[in-house]
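Chemist: Encoded as structure tokens, here's the structure I'll be asking about.
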Amino acid sequence: MSEFQQIPPTTLADVLGRGQVMDAGIRPLWGPAPRIAGPAFTVRCPPGDNLMLHAAIYRAAPGSVIVMEAGDTDYAVAGGNVCAVAQRRGIAGFVIDGVIRDLGEIRAMGFPVLARGIVPCPGGKSAVLPFGEPVRCGGVEVRSGDIVVADEEGVAVVPAGRAGEALADAQRKLAKEADESLDAWEAAHRARIDRILADHGHLD
């Protein structure tokens, strides 16, 4: 998993395509945001409820990224104490299609949370749902064990069955970019742009 820590979501977006990248609403709630990478531990809660996320922090393995499909953005699913316990238990971070609260506390402890925003009202705790089922977060289907890589550039989800292939493709792309000077990139880029313009009948 440490190898994915070295791969930016932008590179994964290039090799995986748009369908594996969460929408722009799922973003870091404090910055500068560290990069997190780990296997998804999936959880879902219905509107107004946060029970299963609160239970997940005691069940997710160290290094996991808890990925949650919340039922709404009207009630916070986590706050400072939940994040503090998650951090103490070694969870890498939260990626939540929903909202949280206590942002000042979470920022101060340095716990990575990517979500849709902040609401001060907490949800209730009554709905018991299974762990580990596929969830939809930021428009992407996430299954338990998929690799989640997230930072200030966004969130990429690598299907578990494609992890080796995606990692190799991303590493090759990064190595190629590292060997290419800006002058070489500019020359190739300009040639490509000019060719596209010419193909569409735009002549200078």
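Going by the structure tokens order, chains are called A, B, ..., each with residues numbered from 1, while ligands are numbered from 1 in the order shown.
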Taking the DSSP secondary structure from the backbone, can you list the residues of range 134-167 of chain A that are helix (DSSP H, G or I), as a list of chain:residue names?
Modeler: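 Taking range 134-167 of chain A and keeping helix (DSSP H, G or I) gives A:Ala160, A:Gly161, A:Arg162, A:Ala163, A:Gly164, A:Glu165, A:Ala166, A:Leu167.
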Chemist: Quick one: everything within 8 Å of range 110-117 of chain A, counting only C-alpha atoms, minus sequence neighbours fewer than 5 positions away in the same chain. Send it as a PyMOL selection string.
Modeler: chain A and resi 25-30+33-34+36+73+83-84+87+92-100
Chemist: Just write the chosen residues, N, CA and C atoms, as a PDB file, in the first residue's frame.
Modeler:
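Contents of again_10.pdb, as written:
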ATOM      1  N   GLY A  25     -17.120  17.739  -5.319  1.00  0.00           N
ATOM      2  CA  GLY A  25     -17.714  18.040  -4.025  1.00  0.00           C
ATOM      3  C   GLY A  25     -17.053  17.318  -2.869  1.00  0.00           C
ATOM      4  N   ILE A  26     -16.358  16.214  -3.161  1.00  0.00           N
ATOM      5  CA  ILE A  26     -15.637  15.489  -2.113  1.00  0.00           C
ATOM      6  C   ILE A  26     -14.234  16.071  -2.061  1.00  0.00           C
ATOM      7  N   ARG A  27     -13.965  16.867  -1.040  1.00  0.00           N
ATOM      8  CA  ARG A  27     -12.712  17.627  -0.996  1.00  0.00           C
ATOM      9  C   ARG A  27     -12.170  17.670   0.435  1.00  0.00           C
ATOM     10  N   PRO A  28     -10.884  17.948   0.571  1.00  0.00           N
ATOM     11  CA  PRO A  28     -10.329  18.070   1.932  1.00  0.00           C
ATOM     12  C   PRO A  28     -10.991  19.231   2.674  1.00  0.00           C
ATOM     13  N   LEU A  29     -11.255  19.034   3.937  1.00  0.00           N
ATOM     14  CA  LEU A  29     -11.904  20.078   4.727  1.00  0.00           C
ATOM     15  C   LEU A  29     -10.899  20.947   5.468  1.00  0.00           C
ATOM     16  N   TRP A  30      -9.621  20.606   5.388  1.00  0.00           N
ATOM     17  CA  TRP A  30      -8.567  21.479   5.916  1.00  0.00           C
ATOM     18  C   TRP A  30      -7.317  21.237   5.079  1.00  0.00           C
ATOM     19  N   ALA A  33      -3.602  19.527   2.644  1.00  0.00           N
ATOM     20  CA  ALA A  33      -4.097  18.176   2.873  1.00  0.00           C
ATOM     21  C   ALA A  33      -3.015  17.147   2.576  1.00  0.00           C
ATOM     22  N   PRO A  34      -2.712  16.258   3.518  1.00  0.00           N
ATOM     23  CA  PRO A  34      -1.750  15.193   3.233  1.00  0.00           C
ATOM     24  C   PRO A  34      -2.386  14.160   2.308  1.00  0.00           C
ATOM     25  N   ILE A  36      -3.469  10.489   1.433  1.00  0.00           N
ATOM     26  CA  ILE A  36      -3.748   9.227   2.109  1.00  0.00           C
ATOM     27  C   ILE A  36      -3.958   8.152   1.048  1.00  0.00           C
ATOM     28  N   THR A  73     -26.952  15.652   3.609  1.00  0.00           N
ATOM     29  CA  THR A  73     -25.981  16.657   4.045  1.00  0.00           C
ATOM     30  C   THR A  73     -26.592  17.593   5.091  1.00  0.00           C
ATOM     31  N   CYS A  83     -13.182  11.321  15.168  1.00  0.00           N
ATOM     32  CA  CYS A  83     -11.956  11.403  14.376  1.00  0.00           C
ATOM     33  C   CYS A  83     -10.724  11.125  15.231  1.00  0.00           C
ATOM     34  N   ALA A  84     -10.736  11.586  16.483  1.00  0.00           N
ATOM     35  CA  ALA A  84      -9.598  11.345  17.372  1.00  0.00           C
ATOM     36  C   ALA A  84      -9.423   9.857  17.652  1.00  0.00           C
ATOM     37  N   GLN A  87      -8.133   8.163  14.481  1.00  0.00           N
ATOM     38  CA  GLN A  87      -6.709   8.446  14.318  1.00  0.00           C
ATOM     39  C   GLN A  87      -5.884   7.589  15.272  1.00  0.00           C
ATOM     40  N   ALA A  92      -6.423   5.637   8.314  1.00  0.00           N
ATOM     41  CA  ALA A  92      -5.708   6.632   7.509  1.00  0.00           C
ATOM     42  C   ALA A  92      -6.503   7.909   7.307  1.00  0.00           C
ATOM     43  N   GLY A  93      -7.822   7.816   7.240  1.00  0.00           N
ATOM     44  CA  GLY A  93      -8.652   8.996   7.029  1.00  0.00           C
ATOM     45  C   GLY A  93     -10.063   8.604   6.670  1.00  0.00           C
ATOM     46  N   PHE A  94     -10.919   9.620   6.536  1.00  0.00           N
ATOM     47  CA  PHE A  94     -12.313   9.432   6.135  1.00  0.00           C
ATOM     48  C   PHE A  94     -12.522  10.055   4.762  1.00  0.00           C
ATOM     49  N   VAL A  95     -13.279   9.365   3.919  1.00  0.00           N
ATOM     50  CA  VAL A  95     -13.809   9.939   2.680  1.00  0.00           C
ATOM     51  C   VAL A  95     -15.316   9.767   2.768  1.00  0.00           C
ATOM     52  N   ILE A  96     -16.032  10.891   2.863  1.00  0.00           N
ATOM     53  CA  ILE A  96     -17.451  10.859   3.226  1.00  0.00           C
ATOM     54  C   ILE A  96     -18.289  11.628   2.214  1.00  0.00           C
ATOM     55  N   ASP A  97     -19.261  10.939   1.651  1.00  0.00           N
ATOM     56  CA  ASP A  97     -20.258  11.638   0.833  1.00  0.00           C
ATOM     57  C   ASP A  97     -21.345  12.117   1.788  1.00  0.00           C
ATOM     58  N   GLY A  98     -21.009  13.190   2.490  1.00  0.00           N
ATOM     59  CA  GLY A  98     -21.845  13.736   3.544  1.00  0.00           C
ATOM     60  C   GLY A  98     -21.083  14.844   4.236  1.00  0.00           C
ATOM     61  N   VAL A  99     -21.469  15.170   5.461  1.00  0.00           N
ATOM     62  CA  VAL A  99     -20.870  16.303   6.169  1.00  0.00           C
ATOM     63  C   VAL A  99     -20.454  15.887   7.580  1.00  0.00           C
ATOM     64  N   ILE A 100     -19.541  16.687   8.147  1.00  0.00           N
ATOM     65  CA  ILE A 100     -19.063  16.445   9.503  1.00  0.00           C
ATOM     66  C   ILE A 100     -19.208  17.727  10.324  1.00  0.00           C
TER      67      ILE A 100
END
Chemist: So which one's closest to Pro32 in chain A, A:Glu133, A:Glu153, A:Asp146, A:Asp74? Using only C-alpha atoms, please.
Modeler: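 Of A:Glu133, A:Glu153, A:Asp146, A:Asp74, the one nearest Pro32 in chain A, counting only C-alpha atoms, is A:Glu153.
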